[in-house]
Structure formats: structure tokens, C-alpha cells
file model28.cif (mmCIF, C-alpha atoms)
data_my_file
#
loop_
_atom_site.label_atom_id
_atom_site.label_comp_id
_atom_site.auth_asym_id
_atom_site.auth_seq_id
_atom_site.Cartn_x
_atom_site.Cartn_y
_atom_site.Cartn_z
CA MET A 1 -1.81 59.04 55.17
CA THR A 2 -0.30 62.44 54.46
CA PHE A 3 2.82 63.85 56.10
CA THR A 4 3.50 67.59 55.97
CA ARG A 5 6.20 69.92 57.16
CA ALA A 6 4.81 69.34 60.66
CA ILE A 7 6.99 66.24 60.68
CA SER A 8 9.79 67.17 63.07
CA LEU A 9 13.36 66.51 62.05
CA THR A 10 15.02 64.13 64.50
CA ALA A 11 18.33 64.09 66.34
CA ALA A 12 21.74 62.89 65.25
CA LEU A 13 20.99 63.37 61.55
CA MET A 14 24.14 62.59 59.60
CA LEU A 15 26.37 63.75 62.45
CA SER A 16 26.81 60.83 64.84
CA PRO A 17 29.89 58.65 64.39
CA MET A 18 27.64 55.70 65.25
CA LEU A 19 25.62 55.93 62.05
CA VAL A 20 25.24 52.69 60.13
CA LYS A 21 24.52 52.60 56.42
CA ALA A 22 21.19 51.27 55.26
CA ALA A 23 22.78 48.26 53.58
CA GLU A 24 24.13 47.13 56.98
CA LEU A 25 20.79 47.39 58.80
CA PRO A 26 18.39 44.43 58.82
CA ASN A 27 15.12 45.26 57.02
CA ALA A 28 16.38 48.74 56.04
CA ALA A 29 15.85 48.23 52.32
CA ALA A 30 12.35 46.84 52.93
CA ILE A 31 11.50 49.79 55.21
CA LYS A 32 12.73 52.25 52.59
CA GLN A 33 10.55 50.61 49.95
CA LYS A 34 7.53 50.48 52.27
CA LEU A 35 7.77 54.18 53.09
CA SER A 36 8.02 54.98 49.41
CA ASP A 37 5.15 52.73 48.34
CA ASN A 38 2.74 53.45 51.20
CA LEU A 39 3.42 57.10 51.93
CA GLY A 40 5.01 58.44 48.77
CA LEU A 41 8.12 59.48 50.67
CA GLU A 42 11.44 59.87 48.91
CA VAL A 43 13.80 58.14 51.33
CA VAL A 44 17.40 59.25 51.17
CA GLU A 45 18.79 56.93 53.82
CA VAL A 46 17.79 54.69 56.72
CA GLN A 47 20.00 54.92 59.80
CA LYS A 48 20.16 53.72 63.39
CA ALA A 49 18.17 56.04 65.64
CA PRO A 50 19.46 57.40 68.95
CA LEU A 51 16.83 55.25 70.69
CA ASP A 52 17.17 51.47 70.90
CA GLY A 53 14.82 49.46 68.73
CA LEU A 54 14.29 52.18 66.13
CA TYR A 55 15.61 53.32 62.80
CA GLN A 56 15.39 56.87 61.49
CA ALA A 57 14.55 57.45 57.86
CA ILE A 58 15.78 60.63 56.20
CA THR A 59 13.12 61.66 53.70
CA ASP A 60 12.22 64.57 51.46
CA ARG A 61 9.73 65.65 54.14
CA GLY A 62 11.89 65.39 57.19
CA VAL A 63 13.01 62.50 59.33
CA ILE A 64 10.74 59.89 60.83
CA TYR A 65 11.25 57.01 63.26
CA VAL A 66 10.36 53.46 62.24
CA SER A 67 10.42 50.27 64.30
CA LYS A 68 13.03 47.79 63.13
CA ASP A 69 10.36 45.41 61.85
CA GLY A 70 8.84 48.24 59.79
CA SER A 71 5.40 47.97 61.37
CA LYS A 72 5.30 51.14 63.51
CA LEU A 73 6.09 54.77 62.71
CA PHE A 74 6.18 58.02 64.66
CA HIS A 75 7.72 61.47 64.54
CA GLY A 76 8.85 64.03 67.11
CA ASN A 77 11.76 65.78 68.77
CA ILE A 78 14.19 64.12 71.15
CA TYR A 79 15.14 65.95 74.34
CA ASP A 80 17.92 65.26 76.82
CA MET A 81 16.32 65.33 80.27
CA ASP A 82 19.73 65.23 81.93
CA GLN A 83 20.87 68.35 80.09
CA GLY A 84 18.09 70.80 80.91
CA MET A 85 15.71 69.42 78.28
CA THR A 86 18.14 70.28 75.51
CA ASN A 87 16.50 69.77 72.14
CA LEU A 88 18.89 67.28 70.60
CA THR A 89 16.94 67.42 67.38
CA GLU A 90 17.78 71.05 66.70
CA ALA A 91 21.33 70.77 68.00
CA ALA A 92 22.11 67.84 65.74
CA LEU A 93 20.59 69.24 62.56
CA ALA A 94 22.77 72.32 62.27
CA GLY A 95 25.47 70.68 60.15
CA PRO A 96 23.11 69.02 57.66
CA ARG A 97 21.21 72.29 57.17
CA LYS A 98 24.42 74.08 56.27
CA GLU A 99 25.28 71.43 53.71
CA MET A 100 21.80 71.41 52.17
CA ILE A 101 21.75 75.21 51.84
CA LYS A 102 25.16 75.51 50.18
CA PRO A 103 24.00 74.47 46.66
CA PHE A 104 21.45 77.30 46.74
CA GLU A 105 23.91 80.11 47.44
CA LYS A 106 23.96 81.13 43.78
CA ASP A 107 20.16 81.50 43.87
CA MET A 108 20.02 83.84 46.88
CA ILE A 109 19.06 87.51 46.88
CA VAL A 110 21.72 89.07 49.09
CA TYR A 111 21.72 92.29 51.09
CA LYS A 112 25.37 92.53 52.04
CA ALA A 113 26.56 94.44 55.10
CA LYS A 114 29.35 96.92 54.38
CA ASN A 115 31.30 95.73 57.41
CA GLN A 116 30.16 92.14 57.42
CA LYS A 117 30.45 90.27 60.72
CA HIS A 118 27.65 87.74 60.40
CA VAL A 119 25.68 86.04 57.61
CA VAL A 120 22.14 84.70 57.95
CA THR A 121 19.90 82.96 55.43
CA ILE A 122 16.23 83.88 55.67
CA PHE A 123 13.33 82.03 54.07
CA THR A 124 10.89 84.79 53.19
CA ASP A 125 7.46 85.36 51.67
CA VAL A 126 6.40 88.77 50.40
CA SER A 127 2.82 88.18 51.59
CA CYS A 128 4.04 87.72 55.19
CA GLY A 129 3.59 90.70 57.52
CA TYR A 130 6.58 89.91 59.71
CA CYS A 131 8.73 89.32 56.63
CA ARG A 132 7.88 92.85 55.55
CA LYS A 133 8.66 94.20 59.00
CA LEU A 134 12.03 92.46 58.93
CA HIS A 135 12.81 93.65 55.42
CA ASN A 136 11.96 97.25 56.23
CA GLN A 137 14.68 97.13 58.89
CA MET A 138 17.29 95.85 56.45
CA ASP A 139 19.50 98.91 56.87
CA GLN A 140 19.61 98.28 60.61
CA TYR A 141 20.63 94.64 60.15
CA ASN A 142 23.30 95.68 57.68
CA ASP A 143 24.55 98.49 59.93
CA LEU A 144 25.09 95.89 62.67
CA GLY A 145 27.26 93.90 60.28
CA ILE A 146 24.60 91.29 59.44
CA THR A 147 24.41 90.22 55.81
CA VAL A 148 20.97 88.87 54.87
CA ARG A 149 20.59 86.21 52.19
CA TYR A 150 17.06 85.45 51.02
CA LEU A 151 15.56 82.20 49.81
CA ALA A 152 11.91 81.91 48.75
CA PHE A 153 9.29 80.11 50.80
CA PRO A 154 5.85 80.89 49.32
CA ARG A 155 3.47 79.83 52.09
CA GLN A 156 0.70 79.01 49.64
CA GLY A 157 2.92 76.35 48.12
CA VAL A 158 4.01 75.70 44.56
CA PRO A 159 2.29 76.20 42.18
CA SER A 160 0.36 79.24 43.42
CA ALA A 161 -0.09 82.93 42.67
CA ASN A 162 2.13 83.53 45.67
CA ALA A 163 4.90 81.43 44.13
CA ASP A 164 4.48 83.31 40.83
CA ASP A 165 5.02 86.60 42.68
CA MET A 166 8.16 85.25 44.29
CA ARG A 167 9.44 83.98 40.94
CA SER A 168 8.94 87.42 39.42
CA ILE A 169 11.19 88.93 42.08
CA TRP A 170 13.95 86.38 41.50
CA CYS A 171 13.62 86.82 37.73
CA ALA A 172 13.59 90.62 37.73
CA LYS A 173 16.45 92.56 36.14
CA ASN A 174 17.11 94.05 39.57
CA PRO A 175 16.02 91.47 42.15
CA LEU A 176 17.06 93.69 45.07
CA GLN A 177 14.79 96.50 43.92
CA ALA A 178 12.00 94.07 43.07
CA MET A 179 12.23 92.61 46.58
CA ASN A 180 12.17 96.11 48.08
CA ASP A 181 9.06 96.96 46.08
CA ALA A 182 7.24 93.74 46.90
CA GLN A 183 8.06 93.93 50.61
CA ASN A 184 6.60 97.44 50.60
CA GLY A 185 3.33 96.31 49.06
CA LYS A 186 4.07 97.37 45.50
CA SER A 187 3.24 95.11 42.60
CA VAL A 188 6.05 93.50 40.66
CA PRO A 189 5.58 92.77 36.95
CA LEU A 190 5.17 89.05 36.32
CA VAL A 191 8.34 87.58 34.86
CA LYS A 192 9.17 83.95 34.23
CA CYS A 193 12.56 82.27 34.33
CA ASP A 194 14.18 79.22 35.89
CA ALA A 195 14.38 80.73 39.37
CA LYS A 196 14.09 77.38 41.20
CA ILE A 197 11.34 78.66 43.51
CA ALA A 198 9.91 75.17 43.87
CA GLU A 199 13.32 73.83 44.84
CA GLN A 200 13.82 76.58 47.42
CA TYR A 201 10.38 75.89 48.86
CA LYS A 202 11.09 72.16 49.04
CA LEU A 203 14.43 72.84 50.72
CA GLY A 204 12.70 74.90 53.39
CA GLY A 205 10.26 72.12 54.15
CA THR A 206 13.00 69.53 54.29
CA ILE A 207 15.11 71.44 56.82
CA GLY A 208 12.19 72.25 59.11
CA VAL A 209 10.81 75.59 57.91
CA SER A 210 7.08 75.75 58.64
CA GLY A 211 6.48 79.50 58.47
CA THR A 212 8.13 82.77 57.56
CA PRO A 213 10.41 84.44 58.26
CA ALA A 214 12.68 81.55 59.19
CA ILE A 215 16.29 82.44 59.93
CA VAL A 216 19.13 79.99 59.47
CA LEU A 217 22.30 81.05 61.29
CA GLU A 218 25.82 80.41 60.05
CA ASP A 219 26.13 77.32 62.23
CA GLY A 220 22.97 75.88 60.67
CA SER A 221 20.68 76.55 63.64
CA LEU A 222 17.11 77.48 62.73
CA VAL A 223 15.48 80.46 64.43
CA PRO A 224 11.76 80.58 63.56
CA GLY A 225 10.00 83.91 63.35
CA TYR A 226 10.90 87.58 63.28
CA GLN A 227 13.96 88.76 65.20
CA PRO A 228 14.54 92.51 65.67
CA PRO A 229 18.03 93.61 64.58
CA ALA A 230 19.45 93.96 68.09
CA ASP A 231 17.96 90.64 69.21
CA LEU A 232 19.34 88.81 66.19
CA LEU A 233 22.79 90.29 66.84
CA ARG A 234 22.68 89.09 70.45
CA THR A 235 21.67 85.62 69.26
CA LEU A 236 24.56 85.52 66.80
CA GLU A 237 27.08 86.78 69.33
CA SER A 238 25.89 84.33 71.99
CA ARG A 239 26.75 81.50 69.59
CA GLY A 240 30.15 82.90 68.87
CA GLU A 241 29.39 83.59 65.22
#
call {"tool": "encode", "arguments": {"input": "model28.cif", "output": "C-alpha cells"}}
result
Amino acid sequence: MTFTRAISLTAALMLSPMLVKAAELPNAAAIKQKLSDNLGLEVVEVQKAPLDGLYQAITDRGVIYVSKDGSKLFHGNIYDMDQGMTNLTEAALAGPRKEMIKPFEKDMIVYKAKNQKHVVTIFTDVSCGYCRKLHNQMDQYNDLGITVRYLAFPRQGVPSANADDMRSIWCAKNPLQAMNDAQNGKSVPLVKCDAKIAEQYKLGGTIGVSGTPAIVLEDGSLVPGYQPPADLLRTLESRGE
């Protein structure tokens, strides 16, 4: 059985005060081992789920629900029907995303706004049409006070020619210019270095990125897809960022 980035991250990840460590949960260690042996998942932690009778396993490919006896498994979002169908999954994952992105700040290609008011992190792919559209409006984002930080998410996976192109941008003497060239359809000379493209790609999959562009706001919320400059500003301002 193969799980992909389609696995939805689930609610209350690492945020709820009711979390119980794996060592305190009956069968947690056995469940962790079973997920690793049967599915090849790297399990970080097993926790109590927000639904009775279930555990949630935090893995390198998202979070999945498992019955307490370890015999049943499913994935999906959790919604609060009493709160206008609020997606608790997305609301709860903001904090963890912020923490997981922090170690990659030194690897980002940054287009800094002169009068910075907001900062967003965008997973991009130079072969993506909407990524190019977004990038070609970079001056408008910056003029609105939005600093854009790029991480790589080659949609063809790693390894791939696509990933090699992305690595060449990150390894270029002038990554900003190389990104500009690539996003405008120009070829970038192949360069190799330890640009951690595979790690950036894996990070994207772990935090729920399934396509590009994918925009992570300062509060850790994930906004999938292209957002025009004015729309992105309204989104940021509506969240008080």
C-alpha cells in the first residue's frame, strides 16, 4: 500500500494540551512499528486523536488515524459542524508548520520588500505556469510590503530533471537572478551543490503541499494556489498579520 501527499494532515497536531506521549498510550509502540514495517512510514510520534477510540500517528508523509488496536487505518480532515464546518485540521497545523519551516530559513531565496509589512513562504516550481505568473508580479507584492521567501518543490519529484533545474537556481552565484531567468523561461546553467532540494521537497509534502505555488503565511496557515498581489494582501490583513 502506498501513501502519497494526498494523505491529509489531521487536527490538533502538536498543539492540544491533551496530547499524551506515545510511551503512555497502550499499543502505541506496536502501532509505530507496524506502520514502519508494513507501510514504510517514518513515524515521529503517536498521540491521542481528537476522536475517541483513535490514535493519530505523525509521519514523514503526513498524519494518519489508527484504531487503538492497530488493525484499522484511515486519513482525512476533521471539521467542526457546530462552528460552520471549520476545518480543524488546517487551523491546528499552523503552529507545527511554522516550526518545521524555521530550520530552512537559511536555504530560502528571498525577495525582500523595502517597507516590509508581511512575510510569506512560497513553495515554487519553475515549470509551473502559475508560479511564473506569481513571480512576474514580484514587484507588486514587494510594493505592497510583502516579502516573498522561496523554497523548492519540484513537482516531478527528486531525483528528476526538474529537481536538477531547481538545484541549479539555488546553487547559482546569483540565485535571485537565476530565479528571475528561470521563471521567465530562460535556461539556467546546470550547477551542483548541497542545496537541500530533496529536503525542501520532503518538507513540502510533510506539511501538506500537493501543488505549486503553495503559500505559507506567517501564522503557518497554508494557502494553496496562486494569489494575486491585492488578494494576498487582503488575506494577510484579514488574519491580522
call {"tool": "residues_around", "arguments": {"input": "model28.cif", "residues": "Glu42 in chain A", "least_positions_apart": "4", "cutoff": "7 Å", "atoms": "all atoms listed in the file", "output": "number ranges by chain"}}
result
A: 36, 59-60
call {"tool": "resolve_selection", "arguments": {"input": "model28.cif", "expression": "the PyMOL selection byres ((chain A and resi 68) around 10)", "output": "list in words"}}
result
Leu25, Pro26, Asn27, Ala28, Ile31, Lys48, Asp52, Gly53, Leu54, Tyr55, Gln56, Tyr65, Val66, Ser67, Asp69, Gly70, Ser71, Lys72 and Leu73 of chain A
call {"tool": "residues_around", "arguments": {"input": "model28.cif", "residues": "range 109-118 of chain A", "least_positions_apart": "4", "cutoff": "6 Å", "atoms": "all atoms listed in the file", "output": "ChimeraX atom specification"}}
result
/A:142,145-150
call {"tool": "write_last_selection", "arguments": {"input": "model28.cif", "atoms": "C-alpha atoms", "output": "PDB file, keeping the file's coordinate frame"}}
result
ATOM      1  CA  ASN A 142      23.300  95.680  57.680  1.00  0.00           C
ATOM      2  CA  GLY A 145      27.260  93.900  60.280  1.00  0.00           C
ATOM      3  CA  ILE A 146      24.600  91.290  59.440  1.00  0.00           C
ATOM      4  CA  THR A 147      24.410  90.220  55.810  1.00  0.00           C
ATOM      5  CA  VAL A 148      20.970  88.870  54.870  1.00  0.00           C
ATOM      6  CA  ARG A 149      20.590  86.210  52.190  1.00  0.00           C
ATOM      7  CA  TYR A 150      17.060  85.450  51.020  1.00  0.00           C
TER       8      TYR A 150
END
call {"tool": "residues_around", "arguments": {"input": "model28.cif", "residues": "Gln183 in chain A", "least_positions_apart": "2", "cutoff": "9 Å", "atoms": "all atoms listed in the file", "output": "compact mmCIF listing (two decimals) with C-alpha atoms, in the frame of the given file"}}
result
# COMPACT_ATOMS: atom_id res chain seq x y z
CA ASP A 125 7.46 85.36 51.67
CA VAL A 126 6.40 88.77 50.40
CA SER A 127 2.82 88.18 51.59
CA CYS A 128 4.04 87.72 55.19
CA GLY A 129 3.59 90.70 57.52
CA CYS A 131 8.73 89.32 56.63
CA ARG A 132 7.88 92.85 55.55
CA LYS A 133 8.66 94.20 59.00
CA HIS A 135 12.81 93.65 55.42
CA ASN A 136 11.96 97.25 56.23
CA ALA A 178 12.00 94.07 43.07
CA MET A 179 12.23 92.61 46.58
CA ASN A 180 12.17 96.11 48.08
CA ASP A 181 9.06 96.96 46.08
CA GLY A 185 3.33 96.31 49.06
CA LYS A 186 4.07 97.37 45.50
call {"tool": "resolve_selection", "arguments": {"input": "model28.cif", "expression": "the PyMOL selection byres ((chain A and resi 192-199) around 8)", "output": "list in words"}}
result
Asp107, Ala152, Phe153, Val158, Pro159, Ala163, Met166, Arg167, Ser168, Trp170, Cys171, Leu190, Val191, Gln200, Tyr201, Lys202 and Leu203 of chain A
call {"tool": "atom_distance", "arguments": {"input": "model28.cif", "atom1": "CA of Pro189 in chain A", "atom2": "CA of Gln140 in chain A"}}
result
28.1 Å
call {"tool": "atom_distance", "arguments": {"input": "model28.cif", "atom1": "CA of Val119 in chain A", "atom2": "CA of Leu236 in chain A"}}
result
9.3 Å
call {"tool": "residues_near_point", "arguments": {"input": "model28.cif", "point": "(25.2, 72.7, 53.5)", "cutoff": "12 Å", "atoms": "all atoms listed in the file", "output": "MDAnalysis selection string"}}
result
chainID A and resid 14 93:105 121 203 207 216:221
call {"tool": "closest_residue", "arguments": {"input": "model28.cif", "among": "A:Glu237, A:Thr206, A:Leu35, A:Asp165", "to": "Ser187 in chain A", "atoms": "all atoms listed in the file"}}
result
A:Asp165
call {"tool": "atom_distance", "arguments": {"input": "model28.cif", "atom1": "CA of Asp231 in chain A", "atom2": "CA of Val209 in chain A"}}
result
20.1 Å
call {"tool": "closest_residue", "arguments": {"input": "model28.cif", "among": "A:Asn87, A:Thr124, A:Gln137, A:Gln177", "to": "Leu151 in chain A", "atoms": "only C-alpha atoms"}}
result
A:Thr124
call {"tool": "residues_around", "arguments": {"input": "model28.cif", "residues": "Tyr130 in chain A", "least_positions_apart": "3", "cutoff": "9 Å", "atoms": "only C-alpha atoms", "output": "list in words"}}
result
Lys133, Leu134, His135, Thr212, Pro213, Gly225 and Tyr226 of chain A
call {"tool": "closest_residue", "arguments": {"input": "model28.cif", "among": "A:Gln83, A:Ala29, A:Glu90, A:Leu144", "to": "Ala57 in chain A", "atoms": "only C-alpha atoms"}}
result
A:Ala29
call {"tool": "residues_near_point", "arguments": {"input": "model28.cif", "point": "(14.8, 57.1, 56.7)", "cutoff": "7 Å", "atoms": "all atoms listed in the file", "output": "PyMOL selection string"}}
result
chain A and resi 32+43-47+56-59+63-64
call {"tool": "build_atoms", "arguments": {"input": "model28.cif", "residues": "range 27-55 of chain A", "atoms": "N, CA and C atoms", "output": "short mmCIF file (atom, residue, chain, number, x, y, z; two decimals), in the frame of the given file"}}
result
data_model
loop_
_atom_site.label_atom_id
_atom_site.label_comp_id
_atom_site.auth_asym_id
_atom_site.auth_seq_id
_atom_site.Cartn_x
_atom_site.Cartn_y
_atom_site.Cartn_z
N ASN A 27 16.43 44.74 57.43
CA ASN A 27 15.12 45.26 57.02
C ASN A 27 15.16 46.70 56.50
N ALA A 28 16.32 47.33 56.45
CA ALA A 28 16.38 48.74 56.04
C ALA A 28 15.87 48.94 54.62
N ALA A 29 16.29 48.08 53.70
CA ALA A 29 15.85 48.23 52.32
C ALA A 29 14.34 48.05 52.21
N ALA A 30 13.79 47.08 52.96
CA ALA A 30 12.35 46.84 52.93
C ALA A 30 11.59 48.03 53.52
N ILE A 31 12.13 48.62 54.59
CA ILE A 31 11.50 49.79 55.21
C ILE A 31 11.50 50.96 54.24
N LYS A 32 12.62 51.17 53.57
CA LYS A 32 12.73 52.25 52.59
C LYS A 32 11.68 52.09 51.50
N GLN A 33 11.53 50.87 51.01
CA GLN A 33 10.55 50.61 49.95
C GLN A 33 9.13 50.80 50.46
N LYS A 34 8.87 50.37 51.69
CA LYS A 34 7.53 50.48 52.27
C LYS A 34 7.13 51.94 52.45
N LEU A 35 8.05 52.77 52.92
CA LEU A 35 7.77 54.18 53.09
C LEU A 35 7.50 54.86 51.74
N SER A 36 8.22 54.42 50.75
CA SER A 36 8.02 54.98 49.41
C SER A 36 6.69 54.55 48.82
N ASP A 37 6.37 53.26 48.94
CA ASP A 37 5.15 52.73 48.34
C ASP A 37 3.90 53.19 49.08
N ASN A 38 3.94 53.16 50.41
CA ASN A 38 2.74 53.45 51.20
C ASN A 38 2.49 54.93 51.44
N LEU A 39 3.56 55.71 51.56
CA LEU A 39 3.42 57.10 51.93
C LEU A 39 3.91 58.08 50.87
N GLY A 40 4.52 57.56 49.83
CA GLY A 40 5.01 58.44 48.77
C GLY A 40 6.21 59.25 49.18
N LEU A 41 6.95 58.76 50.19
CA LEU A 41 8.12 59.48 50.67
C LEU A 41 9.35 59.12 49.85
N GLU A 42 10.16 60.11 49.55
CA GLU A 42 11.44 59.87 48.91
C GLU A 42 12.46 59.67 50.02
N VAL A 43 12.91 58.46 50.21
CA VAL A 43 13.80 58.14 51.33
C VAL A 43 15.25 58.21 50.87
N VAL A 44 16.00 59.08 51.51
CA VAL A 44 17.40 59.25 51.17
C VAL A 44 18.25 58.17 51.82
N GLU A 45 17.97 57.89 53.09
CA GLU A 45 18.79 56.93 53.82
C GLU A 45 18.05 56.46 55.06
N VAL A 46 18.31 55.24 55.46
CA VAL A 46 17.79 54.69 56.72
C VAL A 46 18.98 54.47 57.63
N GLN A 47 18.89 54.97 58.86
CA GLN A 47 20.00 54.92 59.80
C GLN A 47 19.53 54.38 61.15
N LYS A 48 20.49 54.05 62.01
CA LYS A 48 20.16 53.72 63.39
C LYS A 48 19.71 54.99 64.08
N ALA A 49 18.67 54.90 64.88
CA ALA A 49 18.17 56.04 65.64
C ALA A 49 18.88 56.12 66.98
N PRO A 50 18.83 57.27 67.64
CA PRO A 50 19.46 57.40 68.95
C PRO A 50 18.68 56.71 70.06
N LEU A 51 17.60 56.03 69.73
CA LEU A 51 16.83 55.25 70.69
C LEU A 51 16.86 53.79 70.27
N ASP A 52 17.09 52.91 71.22
CA ASP A 52 17.17 51.47 70.90
C ASP A 52 15.85 50.98 70.29
N GLY A 53 15.98 50.07 69.34
CA GLY A 53 14.82 49.46 68.73
C GLY A 53 14.22 50.22 67.58
N LEU A 54 14.86 51.35 67.19
CA LEU A 54 14.29 52.18 66.13
C LEU A 54 15.33 52.51 65.08
N TYR A 55 14.83 52.72 63.86
CA TYR A 55 15.61 53.32 62.80
C TYR A 55 15.06 54.72 62.55
#
